[in-house]
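Colleague: Dropping the structure in here first, questions after.
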Amino acid sequence: MVVAPPASYCPHHPVLMTPDSLPGIGEIVSFTTLHTPPAGFKSPLHLAIVELDGGARFVCHGSDVKGLKVGAAVAIEAIDNIYYFSNLGTLDRARLFWRRAGRAGDRVNAIARSLAKRMWKGKHRAAS
Amino acid sequence: MPDVFVAGVGMTRVGRRSEPLPDLMADAAHAALAEAGLEVPDAIVVATMNPEEFIGDGNFASNVATQMGFADVPTLRVETATSSGAAAFYAGFAQVAAGLRHTVLVVGGEKMTHLTTPRVSELIGRSIDPYERAYGATMPALAGLVTRALMTRGAANAREIAQVAVKNHANAARNPLAHFQDAVTVEQVLESRMVADPLRLLHCCPISDGAAAVVVSAEPARVRVAGIGHGTDTLAMRHRRELTSFGATRMAAREAYGMARFGPERIDVAEVHDAFTPFELISLEDLGLVPPGKAGRATLDGETALDGRLPINPSGGLKARGHPLAATGLAQIVECVWQLTGRAHGRQVAGARRALAHSIGGLATNNWVTLLEARG
């Protein structure tokens, strides 16, 4: 099991966990908007559970949920230790596809590198 | 294992109450003891979720025992978040089943309506994983995530989820102890204020005060405890693979049916944890009371209504009887006992012989299933 943030023990087994890292790309498991959030949060508060491609699930904030659907491809990144999700557009997904397929010319490589760099931020998690 | 029986039950009216919590709990306890014909129980189990913060009092087992006039009776307190009442019932059951005590008084209660809604929401939210709470997650927020996933999966639609509220309000209108005494329509539910998309205000249970009590005994009585099951899951929602079914309920149900040696097909009436109305649909399937994927349809078709095949939440449920946290698990058992002994006036399920009570602690991290059977 991969958990975030790092935990001493796997939630289901008394085994110690070790650090790991994953690319910050995944999909929306579910999302909601809180219209009267707790003190210290601005309304409306968009919250989502995002599952990364490596299996870890994150709770994230988002700036917008307009048009968002369960299963949508998103990137997550941490700003001041808080994870945010952002919808990956068609172009972003195409770039990712080309990068994964390994069919990349110089230009695509450059784009993929910049995207990957953006998404590898905040790779702050542990795996069992 | 020796049989354990329910010798007496009692509860207060649920709603906005001005009395101090120990007084509410004493009222419920003395009613249960009077019914059991018992002056002093051998032991007491107290259930309160968070009196330290709701009312500023701790050491609550001794607090309640003393204020009820039982300072000399051994008393302990049990807490499993919103299922504390059911957990306390288990603790009482276990003491009798083990032969440690002959009679145990189990009493639960909570008082919250004197606080503002944001404050209550914050305090109930203490039962959420701290990391998720740091993102602003509240109980309605997590329930909103569950509901969105449920609807996306096609397992329930807006009308079915609203119908649970309509049904439970209609039942509560027949229960003089219920918080809400008024009916609501599907339209009213669907037009109520959005709380955590797609959850609206009338999908959510109210903030209530109240207390409930049960006397368990080794002495044969009209209702026997047929089985109890306990199920648990991760504190964090993000550590679960599945949002639209509660593993803790399935685990508890398996254990309870196993102990009772009968299955869900024998249940005549059930009290199910509907703090948010989609939870009733999820739980009906987790408990095996309806086939997978059929809870919404069964609800729309009236199968779970008071005059249906399997009446669910005849008391009005958490949704409309109200949800005084640690009282709730016991209030469910009180309703089941009234149903099994023909005393649920105005909402009696004809010929009910076996009843099920299902209580969820936190966001389904610590759940209980209790099975009760009428004797004779």
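Labeling convention for the structure tokens: chains A, B, ... as they appear, residues from 1 per chain, ligands from 1 in order of appearance.
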Which residues of chain A sit at most 9 Å from chain B, using only C-alpha atoms? Give each one's shortest atom pair and distance in Å (one decimal place), in chain and ascending residue order, as JSON lines.

Modeller:
{"residue": "A:Met1", "atom": "CA", "partner": "B:His239", "partner_atom": "CA", "distance": 8.6}
{"residue": "A:Val2", "atom": "CA", "partner": "B:His239", "partner_atom": "CA", "distance": 8.6}
{"residue": "A:Val3", "atom": "CA", "partner": "B:His239", "partner_atom": "CA", "distance": 6.8}
{"residue": "A:Ala4", "atom": "CA", "partner": "B:Arg238", "partner_atom": "CA", "distance": 8.6}
{"residue": "A:Pro5", "atom": "CA", "partner": "B:Tyr131", "partner_atom": "CA", "distance": 8.2}
{"residue": "A:Pro11", "atom": "CA", "partner": "B:Thr234", "partner_atom": "CA", "distance": 6.7}
{"residue": "A:His12", "atom": "CA", "partner": "B:Thr234", "partner_atom": "CA", "distance": 7.9}
{"residue": "A:Val29", "atom": "CA", "partner": "B:Ala149", "partner_atom": "CA", "distance": 7.2}
{"residue": "A:Ser30", "atom": "CA", "partner": "B:Leu145", "partner_atom": "CA", "distance": 5.4}
{"residue": "A:Phe31", "atom": "CA", "partner": "B:Leu145", "partner_atom": "CA", "distance": 5.4}
{"residue": "A:Thr32", "atom": "CA", "partner": "B:Asp197", "partner_atom": "CA", "distance": 5.1}
{"residue": "A:Thr33", "atom": "CA", "partner": "B:Ala196", "partner_atom": "CA", "distance": 5.2}
{"residue": "A:Leu34", "atom": "CA", "partner": "B:Ala196", "partner_atom": "CA", "distance": 4.6}
{"residue": "A:His35", "atom": "CA", "partner": "B:Val195", "partner_atom": "CA", "distance": 5.6}
{"residue": "A:Thr36", "atom": "CA", "partner": "B:Val195", "partner_atom": "CA", "distance": 7.0}
{"residue": "A:Pro37", "atom": "CA", "partner": "B:Gly136", "partner_atom": "CA", "distance": 6.5}
{"residue": "A:Pro38", "atom": "CA", "partner": "B:Gly136", "partner_atom": "CA", "distance": 6.1}
{"residue": "A:Ala39", "atom": "CA", "partner": "B:Pro118", "partner_atom": "CA", "distance": 7.9}
{"residue": "A:Gly40", "atom": "CA", "partner": "B:Gly136", "partner_atom": "CA", "distance": 8.4}
{"residue": "A:Phe41", "atom": "CA", "partner": "B:Gly136", "partner_atom": "CA", "distance": 6.8}
{"residue": "A:Leu45", "atom": "CA", "partner": "B:Gly136", "partner_atom": "CA", "distance": 7.9}
{"residue": "A:Leu47", "atom": "CA", "partner": "B:Ala137", "partner_atom": "CA", "distance": 7.8}
{"residue": "A:Ala48", "atom": "CA", "partner": "B:Leu145", "partner_atom": "CA", "distance": 7.5}
{"residue": "A:Ile49", "atom": "CA", "partner": "B:Arg238", "partner_atom": "CA", "distance": 6.7}
{"residue": "A:Val50", "atom": "CA", "partner": "B:Arg238", "partner_atom": "CA", "distance": 8.5}
{"residue": "A:Glu51", "atom": "CA", "partner": "B:Arg238", "partner_atom": "CA", "distance": 8.7}
{"residue": "A:Ala56", "atom": "CA", "partner": "B:His239", "partner_atom": "CA", "distance": 8.1}
{"residue": "A:Arg57", "atom": "CA", "partner": "B:Arg238", "partner_atom": "CA", "distance": 5.3}
{"residue": "A:Phe58", "atom": "CA", "partner": "B:Arg238", "partner_atom": "CA", "distance": 6.2}
{"residue": "A:Val59", "atom": "CA", "partner": "B:Glu132", "partner_atom": "CA", "distance": 6.6}
{"residue": "A:Cys60", "atom": "CA", "partner": "B:Tyr135", "partner_atom": "CA", "distance": 7.3}
{"residue": "A:His61", "atom": "CA", "partner": "B:Tyr135", "partner_atom": "CA", "distance": 7.2}
{"residue": "A:Lys69", "atom": "CA", "partner": "B:Thr152", "partner_atom": "CA", "distance": 8.7}
{"residue": "A:Val70", "atom": "CA", "partner": "B:Thr152", "partner_atom": "CA", "distance": 7.1}
{"residue": "A:Ile82", "atom": "CA", "partner": "B:Tyr135", "partner_atom": "CA", "distance": 7.8}

Colleague: From a DSSP calculation on the backbone, collect every residue of segment 165-367 of chain B in strand (DSSP E) and output the set as JSON, numbers by chain.

Modeller: {"B": [194, 195, 196, 199, 200, 210, 211, 212, 213, 214, 215, 216, 217, 223, 224, 225, 226, 227, 228, 229, 230, 231, 232, 269, 270, 271, 354, 355, 356, 357, 358, 359, 366, 367]}

Colleague: So that I can see what lies close to Ala172 of chain B, please list as a list of chain:residue names the residues with an atom at most 7 Å from it, counting only C-alpha atoms and leaving out residues fewer than 4 positions away in the same chain.

Modeller: B:Asn168, B:Ala178, B:Phe180, B:Gln181, B:Ser315, B:Gly316, B:Ala320, B:Arg321

Colleague: Next, dump the selected residues to file, keeping only N, CA and C atoms, as a short mmCIF file (atom, residue, chain, number, x, y, z; two decimals), in the first residue's frame.

Modeller:
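New file result12.cif:
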data_model
loop_
_atom_site.label_atom_id
_atom_site.label_comp_id
_atom_site.auth_asym_id
_atom_site.auth_seq_id
_atom_site.Cartn_x
_atom_site.Cartn_y
_atom_site.Cartn_z
N ASN B 168 -38.18 8.74 5.98
CA ASN B 168 -37.82 8.80 7.39
C ASN B 168 -38.52 9.95 8.12
N ALA B 178 -39.42 11.91 18.36
CA ALA B 178 -38.51 12.30 17.28
C ALA B 178 -38.26 13.80 17.25
N PHE B 180 -37.83 15.70 14.48
CA PHE B 180 -38.70 16.31 13.46
C PHE B 180 -40.06 15.64 13.48
N GLN B 181 -41.10 16.43 13.45
CA GLN B 181 -42.46 15.90 13.47
C GLN B 181 -43.18 16.22 12.17
N SER B 315 -38.42 4.54 13.40
CA SER B 315 -38.34 5.64 14.38
C SER B 315 -38.19 7.00 13.69
N GLY B 316 -37.79 6.97 12.41
CA GLY B 316 -37.44 8.21 11.72
C GLY B 316 -35.95 8.26 11.42
N ALA B 320 -34.39 11.89 10.99
CA ALA B 320 -35.58 12.61 11.46
C ALA B 320 -35.90 12.37 12.94
N ARG B 321 -35.55 11.19 13.49
CA ARG B 321 -35.67 11.05 14.95
C ARG B 321 -34.65 11.99 15.58
#

Colleague: Find the residues around Val64 of chain B up to 9 Å (only C-alpha atoms counted), leave out those fewer than 5 positions away in its own chain, and share them as a PyMOL selection string.

Modeller: chain B and resi 21-23+25-26+46+59+69-71+75

Colleague: May I have the residues from that selection written out with C-alpha atoms, as a compact mmCIF listing (two decimals), in the first residue's frame?

Modeller:
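Resulting contents of part11.txt:
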# COMPACT_ATOMS: atom_id res chain seq x y z
CA LEU B 21 -26.89 16.10 29.94
CA PRO B 22 -26.63 14.05 33.17
CA ASP B 23 -30.33 14.78 33.85
CA MET B 25 -29.26 10.45 30.85
CA ALA B 26 -30.76 9.86 34.30
CA VAL B 46 -21.82 5.13 29.86
CA ASN B 59 -14.47 11.75 33.86
CA GLY B 69 -27.59 8.25 42.39
CA PHE B 70 -25.31 5.33 41.54
CA ALA B 71 -21.95 6.55 42.83
CA THR B 75 -19.20 2.47 35.94

Colleague: Quote the spacing between atom CA of Glu27 of chain A and atom CA of Asn87 of chain A in Å to one decimal place.

Modeller: 9.2 Å

Colleague: Could you work out how far atom CA of Pro20 of chain B lies from atom CA of Asp209 of chain B, giving the answer in Å with one decimal?

Modeller: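 If I compute the distance from atom CA of Asp209 of chain B to atom CA of Pro20 of chain B, I get 9.9 Å.
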